[in-house]
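Structure record follows, encoded as structure tokens.
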Amino acid sequence: MKKGYRFLAVLTIALGFLSLMRDSFIGPIALVTGFPDEMVWQWVVGAFSASLTFLAARIFNQEFIHGYIERAWNVKVPNLIGDICSGIVIFIGGCLILSLVFKQNISALIVTGAGSAAILGFALKDFAVALATGIMLNFEDTFKVGDKVKIGEYVGRVHQITWRNTVLLTDSLEAIYIPNVKISDAVVINQDLPNANTKQSLSFSIDYDVSVESAERILYAATLGAIGVKFVSPPYVYARELTDSGVKYEIQYVITDYRDRKPAEHAIIKSVLECMRVANITISSGVDVEDRIKIANRSLDLYHLVQQVKLFHRCSKEVWVSIGNELVPRRFKPGDIIVHAGQRNDAIFIIAEGMASRMMVNVNDSLVKQRFIATEFFGRQALFALMPHIATVTAEADALIYELSKESLQKLLRLHPELIEIFASTLAELNLEEERVISADGAIKSGEVSHVKNLYIGQLEANYGRETHASSI
């Protein structure tokens, strides 16, 4: 038992025990004091009842008002409320004691108490309304702590609900204290109900040189490929406005939680800028640049794409032109299968616009989705080792993909036999990067590169002819 109850509990038990001993205790007390037995018994029973009343008021205050209600409604009840409730319990108990124990007429006392309560209620009407509203806000669950709400002209996230105020935190972390009395008459918009999904948008202006189809595919793939963003549904890209400097595009997307709005916006902008960078598209500024590569010119665009592919980094300008001449464009719709697992299609596929993906088993034997965006490619084993494709690859967005076939590679190796050495070195480094075979300083081990490079040279010579490589040395 709590210390606050111990004295009252012991006193109540003692007085209750004495009130039952009317003959053995009350009689001697009456004889000693000279008071009638009935009067002494009344005072003992009255003391017992008063002690019991105070104990009940204390328990009601601590266990119900400041215990159950605060836990159930998650609200801090002010001490004044507990004291008023305790006073009401004591007043009712006192009236019962006077009426039942001392046989007194309590009509005048009740009238006086009612009048005092009316005066007190009028004086504390704002306090009572605020308290009632605070309780109702918790009981009705109009909003809860953490919800994004608009109350009148104020917008913020609910930080705290007290008996008097509701505290909102704005995006700039400013605290707004709104009296609960005003909330009872205000229009409340809870932006987190029925769920925390939120629709957002971003706008970009792109030069007229870029076709609408290309801009749509690049922006869509970049948005969908933003790292860490949880989308409720696929994003949408719209051409919204023709301006003096270019076409204004808008990306609309819905994420699962409003609280992730800023991180999602950052990730999408970062992804869009990266995809635009590799495609050599810049945000429109209205300033003409004479040597700007125009995406609408497919020959220049293809030349730039070849430059950006890791597999061709070490090639010469002459080779880049030759590779570009051998690439065959393929277009795919969302959901189209580009290659099937086990399919023998001796070719690599290079993403120019859009996005593709496949399910792969990582080093931890977990199934993960691998995505390919602009300048990335897949099908190395299919082209260089003439093996079936290891997984099914699907277009996730409208995609422009270039195919380099076995026949095209044979032609390139005849024109540029040094490519066996270049491709072998590059493939070795890419392979080791993926397997994380690196030294403590972060550099790829030269011995490992040389070993894997020789394996690739042997593979290329076996599949595409030794005479090609021999003529280059």
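By order of appearance in the structure tokens: chains A, B, ..., then residues from 1 within every chain, and ligands from 1 in the order shown.
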Find the residues near Gly324 (chain A): any atom within 7 Å, counting only C-alpha atoms, skip ones fewer than 5 places away on the same chain, and give them as a PDB file with all heavy atoms, in the first residue's frame.
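Saved as selection_38.pdb:
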ATOM      1  N   LEU A 302      23.994   9.068 -79.421  1.00  0.00           N
ATOM      2  CA  LEU A 302      24.507   7.706 -79.352  1.00  0.00           C
ATOM      3  C   LEU A 302      26.011   7.706 -79.105  1.00  0.00           C
ATOM      4  O   LEU A 302      26.530   6.884 -78.338  1.00  0.00           O
ATOM      5  CB  LEU A 302      24.177   6.979 -80.654  1.00  0.00           C
ATOM      6  CG  LEU A 302      24.423   5.475 -80.684  1.00  0.00           C
ATOM      7  CD1 LEU A 302      23.706   4.797 -79.533  1.00  0.00           C
ATOM      8  CD2 LEU A 302      23.961   4.900 -82.016  1.00  0.00           C
ATOM      9  N   TYR A 303      26.721   8.624 -79.748  1.00  0.00           N
ATOM     10  CA  TYR A 303      28.160   8.743 -79.527  1.00  0.00           C
ATOM     11  C   TYR A 303      28.444   9.046 -78.053  1.00  0.00           C
ATOM     12  O   TYR A 303      29.340   8.449 -77.441  1.00  0.00           O
ATOM     13  CB  TYR A 303      28.720   9.850 -80.420  1.00  0.00           C
ATOM     14  CG  TYR A 303      30.199  10.122 -80.234  1.00  0.00           C
ATOM     15  CD1 TYR A 303      31.155   9.289 -80.800  1.00  0.00           C
ATOM     16  CD2 TYR A 303      30.624  11.227 -79.499  1.00  0.00           C
ATOM     17  CE1 TYR A 303      32.517   9.539 -80.634  1.00  0.00           C
ATOM     18  CE2 TYR A 303      31.967  11.487 -79.322  1.00  0.00           C
ATOM     19  CZ  TYR A 303      32.918  10.640 -79.893  1.00  0.00           C
ATOM     20  OH  TYR A 303      34.252  10.900 -79.718  1.00  0.00           O
ATOM     21  N   VAL A 306      27.803   5.912 -75.806  1.00  0.00           N
ATOM     22  CA  VAL A 306      28.899   4.943 -75.853  1.00  0.00           C
ATOM     23  C   VAL A 306      30.051   5.390 -74.960  1.00  0.00           C
ATOM     24  O   VAL A 306      30.669   4.583 -74.257  1.00  0.00           O
ATOM     25  CB  VAL A 306      29.371   4.748 -77.314  1.00  0.00           C
ATOM     26  CG1 VAL A 306      30.642   3.889 -77.355  1.00  0.00           C
ATOM     27  CG2 VAL A 306      28.274   4.109 -78.145  1.00  0.00           C
TER      28      VAL A 306
END
Neighbouring residues of region 338-346 of chain A were defined as those with any atom within 6 Å, considering only C-alpha atoms; residues of the same chain fewer than 4 positions away were excluded. Please report them as a ChimeraX atom specification. /A:382-383,386,388-394,405-406
Can I get the selection written as a PDB file, in the first residue's frame, with all heavy atoms?
ATOM      1  N   ALA A 382      26.490 -13.471 -71.712  1.00  0.00           N
ATOM      2  CA  ALA A 382      25.827 -13.902 -72.955  1.00  0.00           C
ATOM      3  C   ALA A 382      26.660 -13.526 -74.180  1.00  0.00           C
ATOM      4  O   ALA A 382      26.759 -14.299 -75.137  1.00  0.00           O
ATOM      5  CB  ALA A 382      24.438 -13.282 -73.044  1.00  0.00           C
ATOM      6  N   LEU A 383      27.280 -12.336 -74.165  1.00  0.00           N
ATOM      7  CA  LEU A 383      28.041 -11.882 -75.323  1.00  0.00           C
ATOM      8  C   LEU A 383      29.469 -12.417 -75.329  1.00  0.00           C
ATOM      9  O   LEU A 383      29.944 -12.936 -76.342  1.00  0.00           O
ATOM     10  CB  LEU A 383      28.061 -10.357 -75.369  1.00  0.00           C
ATOM     11  CG  LEU A 383      28.865  -9.742 -76.528  1.00  0.00           C
ATOM     12  CD1 LEU A 383      28.268 -10.152 -77.877  1.00  0.00           C
ATOM     13  CD2 LEU A 383      28.924  -8.227 -76.407  1.00  0.00           C
ATOM     14  N   LEU A 386      29.301 -16.443 -74.419  1.00  0.00           N
ATOM     15  CA  LEU A 386      28.306 -17.158 -75.229  1.00  0.00           C
ATOM     16  C   LEU A 386      27.486 -18.126 -74.375  1.00  0.00           C
ATOM     17  O   LEU A 386      27.186 -19.258 -74.779  1.00  0.00           O
ATOM     18  CB  LEU A 386      28.980 -17.907 -76.385  1.00  0.00           C
ATOM     19  CG  LEU A 386      29.830 -17.031 -77.332  1.00  0.00           C
ATOM     20  CD1 LEU A 386      30.389 -17.890 -78.469  1.00  0.00           C
ATOM     21  CD2 LEU A 386      29.018 -15.869 -77.878  1.00  0.00           C
ATOM     22  N   PRO A 388      23.916 -18.720 -71.793  1.00  0.00           N
ATOM     23  CA  PRO A 388      22.540 -18.222 -71.688  1.00  0.00           C
ATOM     24  C   PRO A 388      22.450 -17.094 -70.656  1.00  0.00           C
ATOM     25  O   PRO A 388      23.279 -17.000 -69.735  1.00  0.00           O
ATOM     26  CB  PRO A 388      21.742 -19.449 -71.230  1.00  0.00           C
ATOM     27  CG  PRO A 388      22.597 -20.619 -71.564  1.00  0.00           C
ATOM     28  CD  PRO A 388      24.018 -20.152 -71.447  1.00  0.00           C
ATOM     29  N   HIS A 389      21.455 -16.227 -70.802  1.00  0.00           N
ATOM     30  CA  HIS A 389      21.242 -15.159 -69.823  1.00  0.00           C
ATOM     31  C   HIS A 389      20.874 -15.774 -68.470  1.00  0.00           C
ATOM     32  O   HIS A 389      20.101 -16.733 -68.398  1.00  0.00           O
ATOM     33  CB  HIS A 389      20.139 -14.217 -70.293  1.00  0.00           C
ATOM     34  CG  HIS A 389      20.582 -13.293 -71.390  1.00  0.00           C
ATOM     35  ND1 HIS A 389      21.185 -12.092 -71.153  1.00  0.00           N
ATOM     36  CD2 HIS A 389      20.519 -13.424 -72.741  1.00  0.00           C
ATOM     37  CE1 HIS A 389      21.466 -11.495 -72.305  1.00  0.00           C
ATOM     38  NE2 HIS A 389      21.073 -12.286 -73.286  1.00  0.00           N
ATOM     39  N   ILE A 390      21.439 -15.214 -67.405  1.00  0.00           N
ATOM     40  CA  ILE A 390      21.295 -15.818 -66.082  1.00  0.00           C
ATOM     41  C   ILE A 390      19.980 -15.469 -65.399  1.00  0.00           C
ATOM     42  O   ILE A 390      19.593 -16.110 -64.431  1.00  0.00           O
ATOM     43  CB  ILE A 390      22.467 -15.379 -65.170  1.00  0.00           C
ATOM     44  CG1 ILE A 390      22.491 -13.842 -65.023  1.00  0.00           C
ATOM     45  CG2 ILE A 390      23.783 -15.896 -65.715  1.00  0.00           C
ATOM     46  CD1 ILE A 390      23.564 -13.358 -64.068  1.00  0.00           C
ATOM     47  N   ALA A 391      19.258 -14.448 -65.882  1.00  0.00           N
ATOM     48  CA  ALA A 391      18.008 -14.048 -65.234  1.00  0.00           C
ATOM     49  C   ALA A 391      17.119 -13.342 -66.239  1.00  0.00           C
ATOM     50  O   ALA A 391      17.593 -12.837 -67.260  1.00  0.00           O
ATOM     51  CB  ALA A 391      18.285 -13.136 -64.036  1.00  0.00           C
ATOM     52  N   THR A 392      15.831 -13.312 -65.934  1.00  0.00           N
ATOM     53  CA  THR A 392      14.876 -12.587 -66.767  1.00  0.00           C
ATOM     54  C   THR A 392      14.973 -11.092 -66.463  1.00  0.00           C
ATOM     55  O   THR A 392      14.967 -10.692 -65.300  1.00  0.00           O
ATOM     56  CB  THR A 392      13.444 -13.074 -66.493  1.00  0.00           C
ATOM     57  OG1 THR A 392      13.355 -14.456 -66.844  1.00  0.00           O
ATOM     58  CG2 THR A 392      12.428 -12.282 -67.307  1.00  0.00           C
ATOM     59  N   VAL A 393      15.091 -10.296 -67.513  1.00  0.00           N
ATOM     60  CA  VAL A 393      15.198  -8.843 -67.359  1.00  0.00           C
ATOM     61  C   VAL A 393      13.918  -8.216 -67.922  1.00  0.00           C
ATOM     62  O   VAL A 393      13.507  -8.524 -69.046  1.00  0.00           O
ATOM     63  CB  VAL A 393      16.431  -8.280 -68.084  1.00  0.00           C
ATOM     64  CG1 VAL A 393      16.542  -6.774 -67.846  1.00  0.00           C
ATOM     65  CG2 VAL A 393      17.696  -8.992 -67.596  1.00  0.00           C
ATOM     66  N   THR A 394      13.305  -7.316 -67.126  1.00  0.00           N
ATOM     67  CA  THR A 394      12.026  -6.703 -67.477  1.00  0.00           C
ATOM     68  C   THR A 394      12.150  -5.191 -67.483  1.00  0.00           C
ATOM     69  O   THR A 394      12.838  -4.614 -66.637  1.00  0.00           O
ATOM     70  CB  THR A 394      10.937  -7.117 -66.467  1.00  0.00           C
ATOM     71  OG1 THR A 394      10.898  -8.544 -66.381  1.00  0.00           O
ATOM     72  CG2 THR A 394       9.572  -6.604 -66.886  1.00  0.00           C
ATOM     73  N   SER A 405      25.237  -7.231 -80.669  1.00  0.00           N
ATOM     74  CA  SER A 405      25.151  -8.677 -80.871  1.00  0.00           C
ATOM     75  C   SER A 405      26.519  -9.310 -81.089  1.00  0.00           C
ATOM     76  O   SER A 405      27.535  -8.620 -81.247  1.00  0.00           O
ATOM     77  CB  SER A 405      24.248  -8.977 -82.061  1.00  0.00           C
ATOM     78  OG  SER A 405      24.860  -8.483 -83.251  1.00  0.00           O
ATOM     79  N   LYS A 406      26.529 -10.648 -81.133  1.00  0.00           N
ATOM     80  CA  LYS A 406      27.755 -11.400 -81.386  1.00  0.00           C
ATOM     81  C   LYS A 406      28.334 -11.043 -82.760  1.00  0.00           C
ATOM     82  O   LYS A 406      29.549 -10.844 -82.903  1.00  0.00           O
ATOM     83  CB  LYS A 406      27.455 -12.891 -81.309  1.00  0.00           C
ATOM     84  CG  LYS A 406      28.619 -13.791 -81.704  1.00  0.00           C
ATOM     85  CD  LYS A 406      28.200 -15.243 -81.700  1.00  0.00           C
ATOM     86  CE  LYS A 406      29.344 -16.142 -82.173  1.00  0.00           C
ATOM     87  NZ  LYS A 406      28.932 -17.571 -82.204  1.00  0.00           N
TER      88      LYS A 406
END
Residue contacts of Arg259 (chain A) (10 Å, only C-alpha atoms) excluding same-chain residues fewer than 6 positions away, as a VMD selection string: chain A and resid 146 to 148 157 192 196 to 198
Output for the residues just chosen: N, CA, C and O atoms as an mmCIF file, in the first residue's frame:
data_model
loop_
_atom_site.group_PDB
_atom_site.id
_atom_site.type_symbol
_atom_site.label_atom_id
_atom_site.label_comp_id
_atom_site.auth_asym_id
_atom_site.auth_seq_id
_atom_site.Cartn_x
_atom_site.Cartn_y
_atom_site.Cartn_z
ATOM 1 N N GLY A 146 1.728 13.339 -33.380
ATOM 2 C CA GLY A 146 2.437 12.876 -34.567
ATOM 3 C C GLY A 146 1.703 13.124 -35.865
ATOM 4 O O GLY A 146 2.310 13.059 -36.935
ATOM 5 N N ASP A 147 0.399 13.419 -35.804
ATOM 6 C CA ASP A 147 -0.373 13.664 -37.025
ATOM 7 C C ASP A 147 -0.083 15.046 -37.590
ATOM 8 O O ASP A 147 0.151 16.007 -36.849
ATOM 9 N N LYS A 148 -0.123 15.143 -38.908
ATOM 10 C CA LYS A 148 0.003 16.422 -39.605
ATOM 11 C C LYS A 148 -1.406 17.000 -39.762
ATOM 12 O O LYS A 148 -2.272 16.383 -40.388
ATOM 13 N N ARG A 157 2.631 19.648 -37.157
ATOM 14 C CA ARG A 157 2.496 18.283 -36.657
ATOM 15 C C ARG A 157 2.227 18.337 -35.152
ATOM 16 O O ARG A 157 2.872 19.091 -34.416
ATOM 17 N N ASP A 192 -3.058 13.143 -42.103
ATOM 18 C CA ASP A 192 -2.560 11.782 -41.951
ATOM 19 C C ASP A 192 -3.677 10.753 -41.890
ATOM 20 O O ASP A 192 -3.418 9.572 -41.625
ATOM 21 N N ALA A 196 -1.071 7.863 -43.833
ATOM 22 C CA ALA A 196 -0.028 8.896 -43.903
ATOM 23 C C ALA A 196 0.482 9.128 -45.318
ATOM 24 O O ALA A 196 1.462 9.830 -45.508
ATOM 25 N N ASN A 197 -0.197 8.543 -46.314
ATOM 26 C CA ASN A 197 0.234 8.759 -47.692
ATOM 27 C C ASN A 197 0.164 10.236 -48.053
ATOM 28 O O ASN A 197 -0.727 10.954 -47.604
ATOM 29 N N THR A 198 1.092 10.689 -48.862
ATOM 30 C CA THR A 198 1.075 12.095 -49.269
ATOM 31 C C THR A 198 1.524 12.221 -50.718
ATOM 32 O O THR A 198 2.428 11.512 -51.162
#
Write out as a list in words which residues come within 12 Å of Ser172 (chain A) when counting only C-alpha atoms, dropping same-chain ones fewer than 4 positions away. Val155, Gly156, Arg157, Leu168 and Ile176 of chain A
Go ahead and compute the interatomic distance for CA of Arg314 (chain A) and CA of Gly458 (chain A), in Å to one decimal.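 Between these atoms lies a distance of 19.8 Å.
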Please measure the separation of CA of Ala9 (chain A) and CA of Val40 (chain A), giving the value in Å to one decimal. 22.0 Å
Using DSSP on the backbone, list every residue of region 305-384 of chain A that comes out as strand (DSSP E or B), and give them as a compact mmCIF listing (two decimals) with all heavy atoms, in the first residue's frame.
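And here is the file that came out, part20.txt:
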# COMPACT_ATOMS: atom_id res chain seq x y z
N VAL A 328 22.00 -1.52 -82.15
CA VAL A 328 20.65 -1.61 -82.72
C VAL A 328 19.64 -1.17 -81.66
O VAL A 328 19.63 -1.74 -80.56
CB VAL A 328 20.33 -3.04 -83.18
CG1 VAL A 328 18.91 -3.12 -83.73
CG2 VAL A 328 21.34 -3.50 -84.20
N PRO A 329 18.81 -0.15 -81.92
CA PRO A 329 17.86 0.32 -80.91
C PRO A 329 16.68 -0.62 -80.73
O PRO A 329 16.18 -1.20 -81.70
CB PRO A 329 17.41 1.68 -81.48
CG PRO A 329 17.58 1.55 -82.96
CD PRO A 329 18.77 0.65 -83.16
N ARG A 330 16.26 -0.79 -79.50
CA ARG A 330 15.07 -1.56 -79.16
C ARG A 330 14.23 -0.73 -78.20
O ARG A 330 14.78 -0.11 -77.28
CB ARG A 330 15.42 -2.89 -78.47
CG ARG A 330 16.45 -3.75 -79.21
CD ARG A 330 15.84 -4.41 -80.41
NE ARG A 330 16.76 -5.40 -80.99
CZ ARG A 330 16.74 -5.76 -82.25
NH1 ARG A 330 15.89 -5.21 -83.09
NH2 ARG A 330 17.59 -6.67 -82.69
N ARG A 331 12.94 -0.74 -78.38
CA ARG A 331 12.05 0.00 -77.47
C ARG A 331 11.13 -0.98 -76.75
O ARG A 331 10.62 -1.93 -77.35
CB ARG A 331 11.22 1.04 -78.25
CG ARG A 331 12.07 2.16 -78.83
CD ARG A 331 11.21 3.30 -79.36
NE ARG A 331 12.04 4.38 -79.87
CZ ARG A 331 12.53 5.37 -79.13
NH1 ARG A 331 12.25 5.39 -77.83
NH2 ARG A 331 13.28 6.30 -79.66
N PHE A 332 10.94 -0.73 -75.45
CA PHE A 332 10.13 -1.61 -74.62
C PHE A 332 9.16 -0.79 -73.78
O PHE A 332 9.49 0.31 -73.33
CB PHE A 332 11.03 -2.45 -73.70
CG PHE A 332 11.99 -3.35 -74.43
CD1 PHE A 332 13.25 -2.88 -74.78
CD2 PHE A 332 11.62 -4.63 -74.77
CE1 PHE A 332 14.14 -3.70 -75.45
CE2 PHE A 332 12.51 -5.46 -75.45
CZ PHE A 332 13.77 -5.00 -75.79
N ILE A 337 9.23 -8.07 -71.31
CA ILE A 337 10.42 -8.87 -71.00
C ILE A 337 11.46 -8.65 -72.09
O ILE A 337 11.19 -8.83 -73.28
CB ILE A 337 10.06 -10.36 -70.89
CG1 ILE A 337 9.14 -10.58 -69.68
CG2 ILE A 337 11.33 -11.21 -70.76
CD1 ILE A 337 8.70 -12.01 -69.51
N ILE A 338 12.64 -8.22 -71.68
CA ILE A 338 13.73 -7.95 -72.64
C ILE A 338 14.45 -9.24 -72.98
O ILE A 338 14.67 -9.54 -74.15
CB ILE A 338 14.69 -6.90 -72.05
CG1 ILE A 338 13.92 -5.61 -71.68
CG2 ILE A 338 15.83 -6.60 -73.02
CD1 ILE A 338 14.72 -4.63 -70.87
N VAL A 339 14.84 -10.01 -71.97
CA VAL A 339 15.41 -11.35 -72.18
C VAL A 339 14.86 -12.28 -71.10
O VAL A 339 14.54 -11.84 -69.99
CB VAL A 339 16.96 -11.34 -72.12
CG1 VAL A 339 17.55 -10.58 -73.28
CG2 VAL A 339 17.46 -10.79 -70.80
N ALA A 347 24.26 -11.36 -76.87
CA ALA A 347 24.28 -9.90 -77.01
C ALA A 347 24.29 -9.26 -75.63
O ALA A 347 23.87 -9.85 -74.64
CB ALA A 347 23.07 -9.42 -77.80
N ILE A 348 24.80 -8.03 -75.57
CA ILE A 348 24.63 -7.20 -74.38
C ILE A 348 23.61 -6.12 -74.72
O ILE A 348 23.41 -5.76 -75.88
CB ILE A 348 25.95 -6.56 -73.90
CG1 ILE A 348 26.54 -5.64 -74.98
CG2 ILE A 348 26.94 -7.59 -73.43
CD1 ILE A 348 27.68 -4.78 -74.48
N PHE A 349 22.96 -5.60 -73.67
CA PHE A 349 21.95 -4.58 -73.83
C PHE A 349 22.34 -3.36 -73.00
O PHE A 349 22.62 -3.49 -71.80
CB PHE A 349 20.59 -5.11 -73.40
CG PHE A 349 20.08 -6.23 -74.26
CD1 PHE A 349 20.46 -7.55 -73.99
CD2 PHE A 349 19.27 -5.97 -75.35
CE1 PHE A 349 20.00 -8.59 -74.78
CE2 PHE A 349 18.81 -7.01 -76.15
CZ PHE A 349 19.18 -8.32 -75.87
N ILE A 350 22.35 -2.20 -73.63
CA ILE A 350 22.77 -0.95 -72.98
C ILE A 350 21.55 -0.05 -72.82
O ILE A 350 20.83 0.22 -73.79
CB ILE A 350 23.85 -0.23 -73.81
CG1 ILE A 350 25.06 -1.15 -74.03
CG2 ILE A 350 24.27 1.07 -73.14
CD1 ILE A 350 26.03 -0.63 -75.07
N ILE A 351 21.31 0.41 -71.60
CA ILE A 351 20.16 1.28 -71.33
C ILE A 351 20.50 2.70 -71.77
O ILE A 351 21.49 3.29 -71.30
CB ILE A 351 19.79 1.28 -69.83
CG1 ILE A 351 19.66 -0.15 -69.30
CG2 ILE A 351 18.50 2.07 -69.61
CD1 ILE A 351 18.55 -0.94 -69.93
N ALA A 352 19.70 3.25 -72.66
CA ALA A 352 19.85 4.64 -73.07
C ALA A 352 18.87 5.53 -72.31
O ALA A 352 19.22 6.60 -71.82
CB ALA A 352 19.65 4.79 -74.57
N GLU A 353 17.63 5.09 -72.23
CA GLU A 353 16.59 5.82 -71.50
C GLU A 353 15.70 4.81 -70.81
O GLU A 353 15.52 3.69 -71.28
CB GLU A 353 15.75 6.68 -72.46
CG GLU A 353 16.55 7.76 -73.19
CD GLU A 353 15.73 8.42 -74.28
OE1 GLU A 353 14.58 8.00 -74.51
OE2 GLU A 353 16.26 9.34 -74.93
N ALA A 356 15.42 -0.88 -66.47
CA ALA A 356 15.14 -2.31 -66.52
C ALA A 356 15.58 -2.93 -65.20
O ALA A 356 16.37 -2.34 -64.45
CB ALA A 356 15.86 -2.96 -67.70
N SER A 357 15.08 -4.13 -64.91
CA SER A 357 15.45 -4.76 -63.63
C SER A 357 15.41 -6.27 -63.78
O SER A 357 14.78 -6.83 -64.68
CB SER A 357 14.48 -4.33 -62.52
OG SER A 357 13.17 -4.82 -62.78
N ARG A 358 16.12 -6.93 -62.86
CA ARG A 358 16.10 -8.39 -62.78
C ARG A 358 16.29 -8.80 -61.34
O ARG A 358 16.85 -8.05 -60.52
CB ARG A 358 17.19 -8.99 -63.67
CG ARG A 358 18.62 -8.71 -63.19
CD ARG A 358 19.66 -9.27 -64.16
NE ARG A 358 21.02 -8.96 -63.72
CZ ARG A 358 22.10 -9.17 -64.47
NH1 ARG A 358 21.97 -9.68 -65.68
NH2 ARG A 358 23.31 -8.87 -64.01
N MET A 359 15.82 -9.99 -60.99
CA MET A 359 15.99 -10.53 -59.64
C MET A 359 17.25 -11.38 -59.62
O MET A 359 17.43 -12.27 -60.47
CB MET A 359 14.78 -11.37 -59.25
CG MET A 359 13.46 -10.60 -59.25
SD MET A 359 13.45 -9.16 -58.13
CE MET A 359 13.61 -9.98 -56.54
N MET A 360 18.12 -11.08 -58.63
CA MET A 360 19.40 -11.77 -58.54
C MET A 360 19.63 -12.26 -57.11
O MET A 360 19.07 -11.71 -56.15
CB MET A 360 20.54 -10.84 -58.94
CG MET A 360 20.53 -10.42 -60.40
SD MET A 360 21.02 -11.75 -61.50
CE MET A 360 22.75 -11.93 -61.04
N VAL A 361 20.48 -13.27 -56.95
CA VAL A 361 20.88 -13.75 -55.64
C VAL A 361 22.21 -13.09 -55.29
O VAL A 361 23.18 -13.22 -56.05
CB VAL A 361 21.02 -15.29 -55.61
CG1 VAL A 361 21.52 -15.75 -54.24
CG2 VAL A 361 19.69 -15.94 -55.95
N LEU A 367 17.58 -12.95 -52.24
CA LEU A 367 17.04 -12.52 -53.53
C LEU A 367 16.84 -11.02 -53.52
O LEU A 367 16.10 -10.48 -52.68
CB LEU A 367 15.72 -13.24 -53.82
CG LEU A 367 15.19 -13.17 -55.25
CD1 LEU A 367 16.16 -13.86 -56.21
CD2 LEU A 367 13.81 -13.81 -55.34
N VAL A 368 17.49 -10.30 -54.41
CA VAL A 368 17.41 -8.84 -54.47
C VAL A 368 17.10 -8.40 -55.90
O VAL A 368 17.38 -9.13 -56.85
CB VAL A 368 18.72 -8.16 -53.99
CG1 VAL A 368 18.99 -8.47 -52.55
CG2 VAL A 368 19.89 -8.59 -54.86
N LYS A 369 16.51 -7.22 -56.02
CA LYS A 369 16.22 -6.67 -57.34
C LYS A 369 17.38 -5.78 -57.77
O LYS A 369 17.78 -4.87 -57.06
CB LYS A 369 14.93 -5.86 -57.32
CG LYS A 369 14.61 -5.19 -58.66
CD LYS A 369 13.33 -4.38 -58.61
CE LYS A 369 12.12 -5.27 -58.67
NZ LYS A 369 10.87 -4.49 -58.86
N GLN A 370 17.92 -6.07 -58.96
CA GLN A 370 19.00 -5.27 -59.53
C GLN A 370 18.42 -4.42 -60.65
O GLN A 370 17.77 -4.94 -61.56
CB GLN A 370 20.11 -6.18 -60.07
CG GLN A 370 21.30 -5.42 -60.64
CD GLN A 370 22.37 -6.35 -61.18
OE1 GLN A 370 22.15 -7.54 -61.34
NE2 GLN A 370 23.55 -5.80 -61.48
N ARG A 371 18.66 -3.11 -60.58
CA ARG A 371 18.10 -2.19 -61.56
C ARG A 371 19.19 -1.64 -62.46
O ARG A 371 20.33 -1.43 -62.03
CB ARG A 371 17.37 -1.04 -60.85
CG ARG A 371 15.97 -1.43 -60.37
CD ARG A 371 15.33 -0.30 -59.61
NE ARG A 371 13.89 -0.53 -59.46
CZ ARG A 371 13.17 -0.02 -58.47
NH1 ARG A 371 13.73 0.72 -57.56
NH2 ARG A 371 11.86 -0.26 -58.40
N PHE A 372 18.82 -1.40 -63.71
CA PHE A 372 19.73 -0.82 -64.69
C PHE A 372 19.13 0.48 -65.19
O PHE A 372 17.98 0.50 -65.64
CB PHE A 372 19.94 -1.78 -65.86
CG PHE A 372 20.48 -3.13 -65.46
CD1 PHE A 372 19.61 -4.20 -65.26
CD2 PHE A 372 21.84 -3.34 -65.29
CE1 PHE A 372 20.08 -5.44 -64.89
CE2 PHE A 372 22.33 -4.57 -64.92
CZ PHE A 372 21.45 -5.63 -64.72
N PHE A 377 24.54 -1.63 -68.40
CA PHE A 377 24.30 -2.70 -69.37
C PHE A 377 24.21 -4.04 -68.66
O PHE A 377 24.62 -4.19 -67.50
CB PHE A 377 25.42 -2.72 -70.43
CG PHE A 377 26.78 -3.05 -69.88
CD1 PHE A 377 27.26 -4.35 -69.91
CD2 PHE A 377 27.59 -2.05 -69.33
CE1 PHE A 377 28.51 -4.66 -69.41
CE2 PHE A 377 28.84 -2.35 -68.82
CZ PHE A 377 29.31 -3.66 -68.85
N PHE A 378 23.67 -5.02 -69.36
CA PHE A 378 23.59 -6.39 -68.84
C PHE A 378 23.79 -7.36 -70.00
O PHE A 378 23.61 -7.00 -71.17
CB PHE A 378 22.27 -6.64 -68.13
CG PHE A 378 21.05 -6.42 -68.99
CD1 PHE A 378 20.51 -7.45 -69.75
CD2 PHE A 378 20.44 -5.18 -69.04
CE1 PHE A 378 19.39 -7.25 -70.54
CE2 PHE A 378 19.32 -4.96 -69.83
CZ PHE A 378 18.79 -6.00 -70.58
Tell me, which residues of region 29-109 of chain A carry DSSP alpha helix (DSSP H), written as an MDAnalysis selection string? chainID A and resid 29:33 37:59 70:73 79:96 107:109
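Residues within 8 Å of Leu419 (chain A), counting only C-alpha atoms and excluding same-chain residues fewer than 5 positions away, are Cys315, Leu412 and Leu413 of chain A.
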Include N, CA and C atoms and write out the residues we just selected as a short mmCIF file (atom, residue, chain, number, x, y, z; two decimals), in the first residue's frame.
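Okay, selection26.cif is ready:
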data_model
loop_
_atom_site.label_atom_id
_atom_site.label_comp_id
_atom_site.auth_asym_id
_atom_site.auth_seq_id
_atom_site.Cartn_x
_atom_site.Cartn_y
_atom_site.Cartn_z
N CYS A 315 38.29 2.88 -74.74
CA CYS A 315 38.35 2.85 -76.20
C CYS A 315 38.69 4.23 -76.76
N LEU A 412 33.57 -5.73 -84.97
CA LEU A 412 34.39 -4.75 -84.26
C LEU A 412 35.79 -5.30 -83.99
N LEU A 413 35.87 -6.58 -83.62
CA LEU A 413 37.18 -7.18 -83.33
C LEU A 413 38.04 -7.31 -84.58
#
Tell me, as a PyMOL selection string, which residues lie within 8 Å of Tyr177 (chain A), counting only C-alpha atoms; anything in the same chain fewer than 6 positions away does not count. chain A and resi 165-168
Do you have the CA of Ser408 (chain A)-CA of Gln308 (chain A) distance handy? 19.4 Å
From the options A:Ala399, A:Val278, A:Ile251, A:Val452, which residue's atoms come nearest to Thr375 (chain A), counting only C-alpha atoms? A:Val278
